[in-house]
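As provided, run22.pdb (PDB, C-alpha atoms, pLDDT in the B column) reads as follows.
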ATOM      1  CA  MET A   1      18.671   2.646  -3.103  1.00 43.00           C
ATOM      2  CA  HIS A   2      20.136   1.624   0.191  1.00 46.00           C
ATOM      3  CA  ASN A   3      23.544   0.733  -1.232  1.00 51.00           C
ATOM      4  CA  LYS A   4      25.591   0.926  -4.382  1.00 51.00           C
ATOM      5  CA  THR A   5      25.682  -2.776  -5.164  1.00 56.00           C
ATOM      6  CA  CYS A   6      25.740  -3.277  -8.917  1.00 59.00           C
ATOM      7  CA  PRO A   7      23.666  -6.166 -10.347  1.00 57.00           C
ATOM      8  CA  SER A   8      26.631  -7.358 -12.389  1.00 67.00           C
ATOM      9  CA  GLU A   9      28.641  -7.849  -9.189  1.00 75.00           C
ATOM     10  CA  LEU A  10      26.195 -10.557  -8.140  1.00 87.00           C
ATOM     11  CA  ASP A  11      25.817 -12.343 -11.468  1.00 83.00           C
ATOM     12  CA  ASP A  12      28.676 -14.770 -10.868  1.00 82.00           C
ATOM     13  CA  LEU A  13      27.472 -15.920  -7.452  1.00 88.00           C
ATOM     14  CA  PRO A  14      26.122 -19.492  -7.370  1.00 89.00           C
ATOM     15  CA  ASP A  15      22.427 -19.731  -6.659  1.00 90.00           C
ATOM     16  CA  HIS A  16      22.723 -20.791  -3.013  1.00 91.00           C
ATOM     17  CA  GLU A  17      25.088 -17.907  -2.219  1.00 92.00           C
ATOM     18  CA  LEU A  18      22.969 -15.409  -4.096  1.00 93.00           C
ATOM     19  CA  ARG A  19      19.810 -16.558  -2.279  1.00 92.00           C
ATOM     20  CA  THR A  20      21.539 -16.129   1.084  1.00 92.00           C
ATOM     21  CA  ARG A  21      22.847 -12.692   0.109  1.00 92.00           C
ATOM     22  CA  LEU A  22      19.480 -11.457  -1.142  1.00 93.00           C
ATOM     23  CA  ARG A  23      17.693 -12.613   1.993  1.00 91.00           C
ATOM     24  CA  LEU A  24      19.682 -10.221   4.162  1.00 88.00           C
ATOM     25  CA  ASP A  25      17.085  -7.815   5.558  1.00 84.00           C
ATOM     26  CA  ASN A  26      19.237  -5.390   7.531  1.00 82.00           C
ATOM     27  CA  PHE A  27      19.265  -2.168   5.510  1.00 80.00           C
ATOM     28  CA  ASN A  28      22.397  -1.040   7.330  1.00 84.00           C
ATOM     29  CA  ASP A  29      24.369  -4.144   6.409  1.00 86.00           C
ATOM     30  CA  PRO A  30      26.892  -3.261   3.670  1.00 87.00           C
ATOM     31  CA  ALA A  31      26.012  -6.553   1.993  1.00 87.00           C
ATOM     32  CA  PHE A  32      22.302  -5.732   1.811  1.00 92.00           C
ATOM     33  CA  VAL A  33      20.936  -5.650  -1.748  1.00 93.00           C
ATOM     34  CA  SER A  34      18.167  -3.138  -2.409  1.00 93.00           C
ATOM     35  CA  ASN A  35      14.854  -3.906  -4.054  1.00 94.00           C
ATOM     36  CA  GLU A  36      15.875  -1.768  -6.998  1.00 95.00           C
ATOM     37  CA  VAL A  37      18.935  -3.930  -7.627  1.00 94.00           C
ATOM     38  CA  VAL A  38      16.926  -7.142  -7.257  1.00 94.00           C
ATOM     39  CA  CYS A  39      14.435  -5.800  -9.802  1.00 94.00           C
ATOM     40  CA  SER A  40      17.242  -4.977 -12.194  1.00 93.00           C
ATOM     41  CA  MET A  41      18.666  -8.499 -11.883  1.00 93.00           C
ATOM     42  CA  PHE A  42      15.195  -9.980 -12.269  1.00 94.00           C
ATOM     43  CA  LYS A  43      14.584  -7.975 -15.432  1.00 93.00           C
ATOM     44  CA  ARG A  44      17.939  -8.954 -16.959  1.00 92.00           C
ATOM     45  CA  ALA A  45      17.450 -12.643 -16.196  1.00 92.00           C
ATOM     46  CA  ARG A  46      13.955 -12.532 -17.618  1.00 91.00           C
ATOM     47  CA  GLU A  47      15.050 -10.834 -20.827  1.00 92.00           C
ATOM     48  CA  ALA A  48      18.005 -13.223 -21.238  1.00 91.00           C
ATOM     49  CA  GLY A  49      15.827 -16.291 -20.731  1.00 92.00           C
ATOM     50  CA  LEU A  50      17.889 -17.495 -17.746  1.00 90.00           C
ATOM     51  CA  ARG A  51      15.087 -19.511 -16.201  1.00 91.00           C
ATOM     52  CA  PRO A  52      16.832 -20.873 -13.057  1.00 91.00           C
ATOM     53  CA  ARG A  53      18.137 -17.431 -12.110  1.00 93.00           C
ATOM     54  CA  TYR A  54      14.834 -15.814 -13.068  1.00 91.00           C
ATOM     55  CA  LEU A  55      12.919 -18.198 -10.796  1.00 93.00           C
ATOM     56  CA  LEU A  56      15.326 -17.599  -7.908  1.00 95.00           C
ATOM     57  CA  LEU A  57      14.942 -13.835  -8.201  1.00 95.00           C
ATOM     58  CA  SER A  58      11.179 -14.221  -8.531  1.00 94.00           C
ATOM     59  CA  GLU A  59      11.203 -16.163  -5.255  1.00 94.00           C
ATOM     60  CA  ILE A  60      13.206 -13.447  -3.484  1.00 95.00           C
ATOM     61  CA  LEU A  61      11.024 -10.663  -4.853  1.00 96.00           C
ATOM     62  CA  SER A  62       7.894 -12.545  -3.791  1.00 95.00           C
ATOM     63  CA  GLU A  63       9.200 -12.809  -0.235  1.00 95.00           C
ATOM     64  CA  ARG A  64      10.072  -9.124  -0.119  1.00 96.00           C
ATOM     65  CA  ILE A  65       6.808  -7.991  -1.694  1.00 96.00           C
ATOM     66  CA  LEU A  66       4.724 -10.118   0.674  1.00 95.00           C
ATOM     67  CA  ALA A  67       6.575  -8.772   3.719  1.00 95.00           C
ATOM     68  CA  ARG A  68       6.108  -5.221   2.473  1.00 95.00           C
ATOM     69  CA  SER A  69       2.433  -5.886   1.712  1.00 95.00           C
ATOM     70  CA  ARG A  70       1.859  -7.153   5.245  1.00 95.00           C
ATOM     71  CA  ARG A  71       3.291  -3.950   6.707  1.00 93.00           C
ATOM     72  CA  ALA A  72       1.222  -1.861   4.273  1.00 91.00           C
ATOM     73  CA  VAL A  73      -2.158  -3.437   5.047  1.00 91.00           C
ATOM     74  CA  LEU A  74      -1.500  -2.961   8.754  1.00 90.00           C
ATOM     75  CA  ARG A  75      -0.301   0.629   8.329  1.00 85.00           C
ATOM     76  CA  MET A  76      -3.227   1.661   6.124  1.00 82.00           C
ATOM     77  CA  GLY A  77      -5.804  -0.121   8.258  1.00 83.00           C
ATOM     78  CA  ILE A  78      -6.888  -2.434   5.440  1.00 87.00           C
ATOM     79  CA  TYR A  79      -6.631  -5.083   8.122  1.00 87.00           C
ATOM     80  CA  PRO A  80      -8.844  -5.227  10.094  1.00 83.00           C
ATOM     81  CA  SER A  81     -10.924  -2.318   8.786  1.00 79.00           C
ATOM     82  CA  LEU A  82     -11.615  -3.604   5.262  1.00 82.00           C
ATOM     83  CA  MET A  83     -10.435  -7.219   5.342  1.00 88.00           C
ATOM     84  CA  GLY A  84     -10.714  -9.494   8.341  1.00 86.00           C
ATOM     85  CA  ASN A  85      -7.818 -11.824   7.551  1.00 91.00           C
ATOM     86  CA  LEU A  86      -4.283 -10.446   7.634  1.00 92.00           C
ATOM     87  CA  GLY A  87      -2.886 -13.209   5.452  1.00 93.00           C
ATOM     88  CA  ASP A  88      -5.532 -12.766   2.768  1.00 93.00           C
ATOM     89  CA  ALA A  89      -5.127  -8.983   2.771  1.00 93.00           C
ATOM     90  CA  SER A  90      -1.339  -9.273   2.445  1.00 95.00           C
ATOM     91  CA  ASP A  91      -1.609 -11.853  -0.337  1.00 95.00           C
ATOM     92  CA  GLU A  92      -4.093  -9.781  -2.330  1.00 94.00           C
ATOM     93  CA  LEU A  93      -1.965  -6.639  -2.169  1.00 95.00           C
ATOM     94  CA  ALA A  94       1.145  -8.650  -3.092  1.00 95.00           C
ATOM     95  CA  GLN A  95      -0.605 -10.146  -6.113  1.00 94.00           C
ATOM     96  CA  TYR A  96      -1.939  -6.730  -7.077  1.00 94.00           C
ATOM     97  CA  PHE A  97       1.583  -5.297  -7.017  1.00 96.00           C
ATOM     98  CA  TRP A  98       3.118  -8.238  -8.885  1.00 95.00           C
ATOM     99  CA  LYS A  99       0.651  -7.779 -11.725  1.00 92.00           C
ATOM    100  CA  ARG A 100       1.748  -4.182 -12.151  1.00 92.00           C
ATOM    101  CA  LEU A 101       5.436  -4.842 -11.613  1.00 94.00           C
ATOM    102  CA  LEU A 102       5.516  -7.247 -14.556  1.00 92.00           C
ATOM    103  CA  GLU A 103       4.409  -4.510 -16.957  1.00 90.00           C
ATOM    104  CA  PRO A 104       7.612  -3.501 -18.829  1.00 86.00           C
ATOM    105  CA  HIS A 105       7.443   0.239 -18.095  1.00 90.00           C
ATOM    106  CA  ASN A 106       6.753  -0.418 -14.419  1.00 92.00           C
ATOM    107  CA  LEU A 107       9.597  -2.906 -14.074  1.00 92.00           C
ATOM    108  CA  THR A 108      11.956  -0.374 -15.613  1.00 93.00           C
ATOM    109  CA  TYR A 109      10.713   2.276 -13.197  1.00 93.00           C
ATOM    110  CA  ALA A 110      11.171  -0.124 -10.264  1.00 94.00           C
ATOM    111  CA  GLU A 111      14.873  -0.415 -11.098  1.00 93.00           C
ATOM    112  CA  SER A 112      15.303   3.091  -9.705  1.00 92.00           C
ATOM    113  CA  ARG A 113      12.116   3.827  -7.700  1.00 92.00           C
ATOM    114  CA  PHE A 114      10.755   0.558  -6.315  1.00 95.00           C
ATOM    115  CA  GLY A 115       9.390   2.241  -3.195  1.00 92.00           C
ATOM    116  CA  SER A 116       7.451   4.841  -5.151  1.00 91.00           C
ATOM    117  CA  LEU A 117       5.940   2.202  -7.406  1.00 91.00           C
ATOM    118  CA  PHE A 118       4.860   0.126  -4.417  1.00 94.00           C
ATOM    119  CA  LYS A 119       3.386   3.182  -2.696  1.00 89.00           C
ATOM    120  CA  PHE A 120       1.352   4.029  -5.786  1.00 88.00           C
ATOM    121  CA  SER A 121       0.160   0.423  -6.077  1.00 90.00           C
ATOM    122  CA  GLU A 122      -0.940   0.238  -2.453  1.00 89.00           C
ATOM    123  CA  ILE A 123      -2.866   3.484  -2.914  1.00 85.00           C
ATOM    124  CA  MET A 124      -4.639   2.122  -5.985  1.00 86.00           C
ATOM    125  CA  PHE A 125      -5.339  -1.138  -4.171  1.00 90.00           C
ATOM    126  CA  LEU A 126      -6.895   0.757  -1.273  1.00 86.00           C
ATOM    127  CA  ARG A 127      -8.900   2.911  -3.659  1.00 82.00           C
ATOM    128  CA  GLU A 128     -10.325  -0.067  -5.560  1.00 85.00           C
ATOM    129  CA  LEU A 129     -10.998  -2.041  -2.392  1.00 85.00           C
ATOM    130  CA  THR A 130     -12.770   0.913  -0.785  1.00 79.00           C
ATOM    131  CA  ALA A 131     -14.890   1.472  -3.900  1.00 76.00           C
ATOM    132  CA  LYS A 132     -15.835  -2.211  -3.919  1.00 77.00           C
ATOM    133  CA  LYS A 133     -16.849  -2.109  -0.266  1.00 70.00           C
ATOM    134  CA  ARG A 134     -18.946   1.004  -0.845  1.00 67.00           C
ATOM    135  CA  THR A 135     -20.963  -0.652  -3.576  1.00 68.00           C
ATOM    136  CA  GLN A 136     -21.693  -3.545  -1.220  1.00 62.00           C
ATOM    137  CA  GLN A 137     -22.632  -1.614   1.898  1.00 53.00           C
ATOM    138  CA  VAL A 138     -26.183  -0.864   3.021  1.00 44.00           C
ATOM    139  CA  PRO A 139     -26.977   2.877   2.816  1.00 46.00           C
ATOM    140  CA  LEU A 140     -26.325   4.607   6.122  1.00 40.00           C
ATOM    141  CA  THR A 141     -28.745   6.890   7.930  1.00 41.00           C
ATOM    142  CA  ASN A 142     -28.110  10.616   7.883  1.00 41.00           C
ATOM    143  CA  ASP A 143     -27.443  10.918  11.601  1.00 44.00           C
ATOM    144  CA  THR A 144     -23.886  12.122  10.975  1.00 42.00           C
ATOM    145  CA  PRO A 145     -22.502  14.684   8.503  1.00 41.00           C
ATOM    146  CA  ASP A 146     -21.184  13.481   5.161  1.00 45.00           C
ATOM    147  CA  PHE A 147     -18.291  15.875   4.882  1.00 42.00           C
ATOM    148  CA  GLU A 148     -15.650  13.236   5.650  1.00 43.00           C
ATOM    149  CA  ASP A 149     -16.767  11.373   2.516  1.00 47.00           C
ATOM    150  CA  ASP A 150     -16.455  14.604   0.540  1.00 48.00           C
ATOM    151  CA  VAL A 151     -12.893  15.132   1.720  1.00 43.00           C
ATOM    152  CA  GLU A 152     -11.891  11.549   0.977  1.00 44.00           C
ATOM    153  CA  SER A 153     -13.487  11.725  -2.457  1.00 47.00           C
ATOM    154  CA  GLU A 154     -11.569  14.878  -3.303  1.00 45.00           C
ATOM    155  CA  PHE A 155      -8.294  13.102  -2.598  1.00 40.00           C
ATOM    156  CA  LEU A 156      -9.258   9.845  -4.288  1.00 42.00           C
ATOM    157  CA  ASP A 157     -10.621  11.613  -7.357  1.00 46.00           C
ATOM    158  CA  SER A 158      -7.240  13.279  -7.783  1.00 42.00           C
ATOM    159  CA  LEU A 159      -5.589   9.904  -8.284  1.00 39.00           C
ATOM    160  CA  GLU A 160      -4.872   8.721 -11.788  1.00 39.00           C
ATOM    161  CA  THR A 161      -5.915   5.274 -12.967  1.00 41.00           C
ATOM    162  CA  ALA A 162      -3.348   2.488 -13.019  1.00 39.00           C
ATOM    163  CA  ASP A 163      -3.467   2.475 -16.811  1.00 43.00           C
ATOM    164  CA  GLU A 164      -2.167   6.062 -16.835  1.00 47.00           C
ATOM    165  CA  LEU A 165       0.849   5.378 -14.613  1.00 46.00           C
ATOM    166  CA  THR A 166       3.857   7.650 -15.072  1.00 50.00           C
ATOM    167  CA  PRO A 167       6.569   8.671 -12.605  1.00 48.00           C
ATOM    168  CA  GLU A 168       5.055  12.141 -12.292  1.00 51.00           C
ATOM    169  CA  ARG A 169       1.590  10.731 -11.579  1.00 52.00           C
ATOM    170  CA  ILE A 170       3.012   8.307  -9.037  1.00 48.00           C
ATOM    171  CA  VAL A 171       4.447  11.236  -7.093  1.00 48.00           C
ATOM    172  CA  ALA A 172       1.268  13.317  -7.399  1.00 52.00           C
ATOM    173  CA  SER A 173      -0.997  10.449  -6.408  1.00 50.00           C
ATOM    174  CA  THR A 174       1.167   9.517  -3.444  1.00 47.00           C
ATOM    175  CA  GLN A 175       1.125  13.088  -2.203  1.00 47.00           C
ATOM    176  CA  ALA A 176      -2.664  13.230  -2.579  1.00 49.00           C
ATOM    177  CA  ILE A 177      -3.418  10.131  -0.537  1.00 50.00           C
ATOM    178  CA  LEU A 178      -0.825  11.011   2.071  1.00 51.00           C
ATOM    179  CA  GLY A 179      -2.639  14.319   2.441  1.00 53.00           C
ATOM    180  CA  LEU A 180      -5.661  12.355   3.660  1.00 51.00           C
ATOM    181  CA  THR A 181      -3.915   9.794   5.821  1.00 58.00           C
ATOM    182  CA  SER A 182      -1.829  12.468   7.518  1.00 65.00           C
ATOM    183  CA  VAL A 183      -5.020  14.177   8.715  1.00 73.00           C
ATOM    184  CA  LEU A 184      -6.170  11.301  10.915  1.00 74.00           C
ATOM    185  CA  SER A 185      -4.485   9.081  13.459  1.00 78.00           C
ATOM    186  CA  GLN A 186      -4.439   5.361  12.678  1.00 73.00           C
ATOM    187  CA  ALA A 187      -7.176   4.740  15.260  1.00 79.00           C
ATOM    188  CA  GLU A 188      -9.375   7.515  13.830  1.00 82.00           C
ATOM    189  CA  LEU A 189      -8.862   6.290  10.277  1.00 75.00           C
ATOM    190  CA  SER A 190      -9.692   2.705  11.223  1.00 76.00           C
ATOM    191  CA  ALA A 191     -12.805   3.740  13.147  1.00 80.00           C
ATOM    192  CA  ILE A 192     -14.137   5.980  10.363  1.00 76.00           C
ATOM    193  CA  THR A 193     -13.416   3.330   7.726  1.00 72.00           C
ATOM    194  CA  MET A 194     -15.332   0.666   9.609  1.00 74.00           C
ATOM    195  CA  LEU A 195     -18.217   3.014  10.391  1.00 78.00           C
ATOM    196  CA  ARG A 196     -18.571   4.714   7.016  1.00 71.00           C
ATOM    197  CA  VAL A 197     -17.191   2.212   4.512  1.00 62.00           C
ATOM    198  CA  LYS A 198     -18.093  -1.127   6.046  1.00 63.00           C
ATOM    199  CA  GLY A 199     -21.285   0.183   7.639  1.00 69.00           C
ATOM    200  CA  MET A 200     -20.488  -1.345  11.013  1.00 74.00           C
ATOM    201  CA  SER A 201     -22.189  -0.144  14.190  1.00 80.00           C
ATOM    202  CA  VAL A 202     -20.308   1.679  16.918  1.00 84.00           C
ATOM    203  CA  ALA A 203     -20.580  -1.417  19.105  1.00 82.00           C
ATOM    204  CA  GLU A 204     -19.156  -3.653  16.358  1.00 78.00           C
ATOM    205  CA  VAL A 205     -16.243  -1.288  15.751  1.00 80.00           C
ATOM    206  CA  ALA A 206     -15.544  -1.086  19.472  1.00 81.00           C
ATOM    207  CA  ALA A 207     -15.456  -4.881  19.706  1.00 76.00           C
ATOM    208  CA  THR A 208     -13.157  -5.124  16.678  1.00 75.00           C
ATOM    209  CA  MET A 209     -10.708  -2.519  17.982  1.00 77.00           C
ATOM    210  CA  GLY A 210     -10.912  -3.711  21.582  1.00 79.00           C
ATOM    211  CA  VAL A 211     -12.051  -0.395  23.055  1.00 84.00           C
ATOM    212  CA  THR A 212     -15.261   1.044  24.497  1.00 88.00           C
ATOM    213  CA  THR A 213     -18.077   2.529  22.448  1.00 87.00           C
ATOM    214  CA  ARG A 214     -17.308   5.867  24.076  1.00 89.00           C
ATOM    215  CA  THR A 215     -13.781   5.699  22.680  1.00 89.00           C
ATOM    216  CA  ILE A 216     -15.111   4.949  19.191  1.00 89.00           C
ATOM    217  CA  ASN A 217     -17.414   7.976  19.379  1.00 88.00           C
ATOM    218  CA  THR A 218     -14.427  10.055  20.459  1.00 90.00           C
ATOM    219  CA  TYR A 219     -12.430   8.788  17.450  1.00 87.00           C
ATOM    220  CA  LYS A 220     -15.354   9.503  15.136  1.00 86.00           C
ATOM    221  CA  ASN A 221     -15.991  13.033  16.390  1.00 86.00           C
ATOM    222  CA  ALA A 222     -12.303  13.896  16.295  1.00 87.00           C
ATOM    223  CA  ALA A 223     -12.050  12.550  12.739  1.00 82.00           C
ATOM    224  CA  LEU A 224     -15.062  14.551  11.573  1.00 82.00           C
ATOM    225  CA  LYS A 225     -13.577  17.770  12.925  1.00 83.00           C
ATOM    226  CA  LYS A 226     -10.168  17.081  11.385  1.00 81.00           C
ATOM    227  CA  LEU A 227     -11.663  16.168   8.020  1.00 75.00           C
ATOM    228  CA  ALA A 228     -13.809  19.305   7.982  1.00 76.00           C
ATOM    229  CA  HIS A 229     -10.747  21.409   8.696  1.00 76.00           C
ATOM    230  CA  ALA A 230      -8.762  19.552   6.025  1.00 69.00           C
ATOM    231  CA  ARG A 231     -11.455  20.144   3.421  1.00 67.00           C
ATOM    232  CA  LYS A 232     -11.551  23.832   4.295  1.00 69.00           C
ATOM    233  CA  GLU A 233      -7.782  24.149   3.890  1.00 68.00           C
ATOM    234  CA  HIS A 234      -7.809  22.025   0.726  1.00 59.00           C
ATOM    235  CA  SER A 235     -10.367  24.335  -0.923  1.00 61.00           C
ATOM    236  CA  GLN A 236      -8.409  27.509  -0.209  1.00 59.00           C
TER     237      GLN A 236
END
This structure in structure tokens:
Amino acid sequence: MHNKTCPSELDDLPDHELRTRLRLDNFNDPAFVSNEVVCSMFKRAREAGLRPRYLLLSEILSERILARSRRAVLRMGIYPSLMGNLGDASDELAQYFWKRLLEPHNLTYAESRFGSLFKFSEIMFLRELTAKKRTQQVPLTNDTPDFEDDVESEFLDSLETADELTPERIVASTQAILGLTSVLSQAELSAITMLRVKGMSVAEVAATMGVTTRTINTYKNAALKKLAHARKEHSQ
């Protein structure tokens, strides 16, 4: 948590004051209320059947989740690599997370580890989206090595399914995917994703990223070398 605000301290605030307080987005502001606390208030209001307060907290959580989803799809390269519309990509990840947050055990976990739960959800979203894109793509020619797919598969295969979510698996899965994303720069990851997952040509990727085809080939070759090295280290 970013502060030590207790949910009960906010219960007596009228709705308009609570909404203003919860919309503070400066983490360093002493009045800022963390996502964990908002989740705790949301859960209590839901269980108590306090519909007006429940709806207010749902509104605040939706705003926070959507903002976080937008940052995530940009950071992971989902936009523009896998989805061409930033708004749609953000909305889909937000809805994906909401569905999981509303599961009782996940909501309880979010009261103390909201960030970890969101990280796990964004990983699973990326995994499912990537798998979907792969089933849709036209088979690629064998003019480039396949070892980057092998490395990615090793990391993705280590992830648990969403139905098997536990705090320990969240941590393990997060570490696994971060092991892959830390290997490549954002530009390299975006280029490889568009080339290998979406099946785009070098020229199409260059146009999408606003660089030359030579730059895309540089990104691709650098990524292949890094992924080969990562696989070698991972197998030791």
_Output of the PyMOL selection byres ((chain A and resi 45-61) around 8), listed as a count of residues only_ = 15
Taking all listed atoms of region 201-220 of chain A, build the axis-aligned box, pad each of the six sides by 8 Å, then write its centre and edge lengths in Å to one decimal as lines of an AutoDock Vina configuration file.
center_x = -16.4
center_y = 2.5
center_z = 19.3
size_x = 27.5
size_y = 31.2
size_z = 26.3
Region 201-216 of chain A environment, 10 Å, all atoms listed in the file, sequence neighbours closer than 4 positions dropped, as a PDB file with C-alpha atoms, keeping the file's coordinate frame:
ATOM      1  CA  PRO A  80      -8.844  -5.227  10.094  1.00 83.00           C
ATOM      2  CA  SER A  81     -10.924  -2.318   8.786  1.00 79.00           C
ATOM      3  CA  GLY A  84     -10.714  -9.494   8.341  1.00 86.00           C
ATOM      4  CA  ALA A 187      -7.176   4.740  15.260  1.00 79.00           C
ATOM      5  CA  GLU A 188      -9.375   7.515  13.830  1.00 82.00           C
ATOM      6  CA  SER A 190      -9.692   2.705  11.223  1.00 76.00           C
ATOM      7  CA  ALA A 191     -12.805   3.740  13.147  1.00 80.00           C
ATOM      8  CA  ILE A 192     -14.137   5.980  10.363  1.00 76.00           C
ATOM      9  CA  THR A 193     -13.416   3.330   7.726  1.00 72.00           C
ATOM     10  CA  MET A 194     -15.332   0.666   9.609  1.00 74.00           C
ATOM     11  CA  LEU A 195     -18.217   3.014  10.391  1.00 78.00           C
ATOM     12  CA  ARG A 196     -18.571   4.714   7.016  1.00 71.00           C
ATOM     13  CA  LYS A 220     -15.354   9.503  15.136  1.00 86.00           C
ATOM     14  CA  ASN A 221     -15.991  13.033  16.390  1.00 86.00           C
ATOM     15  CA  ALA A 222     -12.303  13.896  16.295  1.00 87.00           C
TER      16      ALA A 222
END
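Note that CA of Asp91 (chain A) and CA of Leu74 (chain A) are 12.7 Å apart.
The two atoms in question, CA of Met83 (chain A) and CA of Lys133 (chain A), are spaced 9.9 Å apart.
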*Distance CA of Leu86 (chain A)-CA of Leu224 (chain A), one decimal place?*
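Answer for the CA of Leu86 (chain A) to CA of Leu224 (chain A) separation: 27.5 Å.
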_Among listed residues A:Leu101, A:Ile123, A:Val73, A:Leu184, nearest Asn85 (chain A) (using all atoms listed in the file)_ =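 The answer is A:Val73, which sits nearest to Asn85 (chain A).
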*asked:* Need to verify the contact set: Gln95 (chain A), 9 Å, all atoms listed in the file, exclusion of same-chain residues closer than 5 positions in sequence. Can you return it as number ranges by chain?
replied: A: 65-66, 90, 100
*Evaluating the PyMOL selection byres ((chain A and resi 104-106) around 12) on the displayed file yields which residues, as number ranges by chain?*
A: 36, 39-40, 42-44, 46-47, 97-103, 107-118, 120-121, 162-167, 170
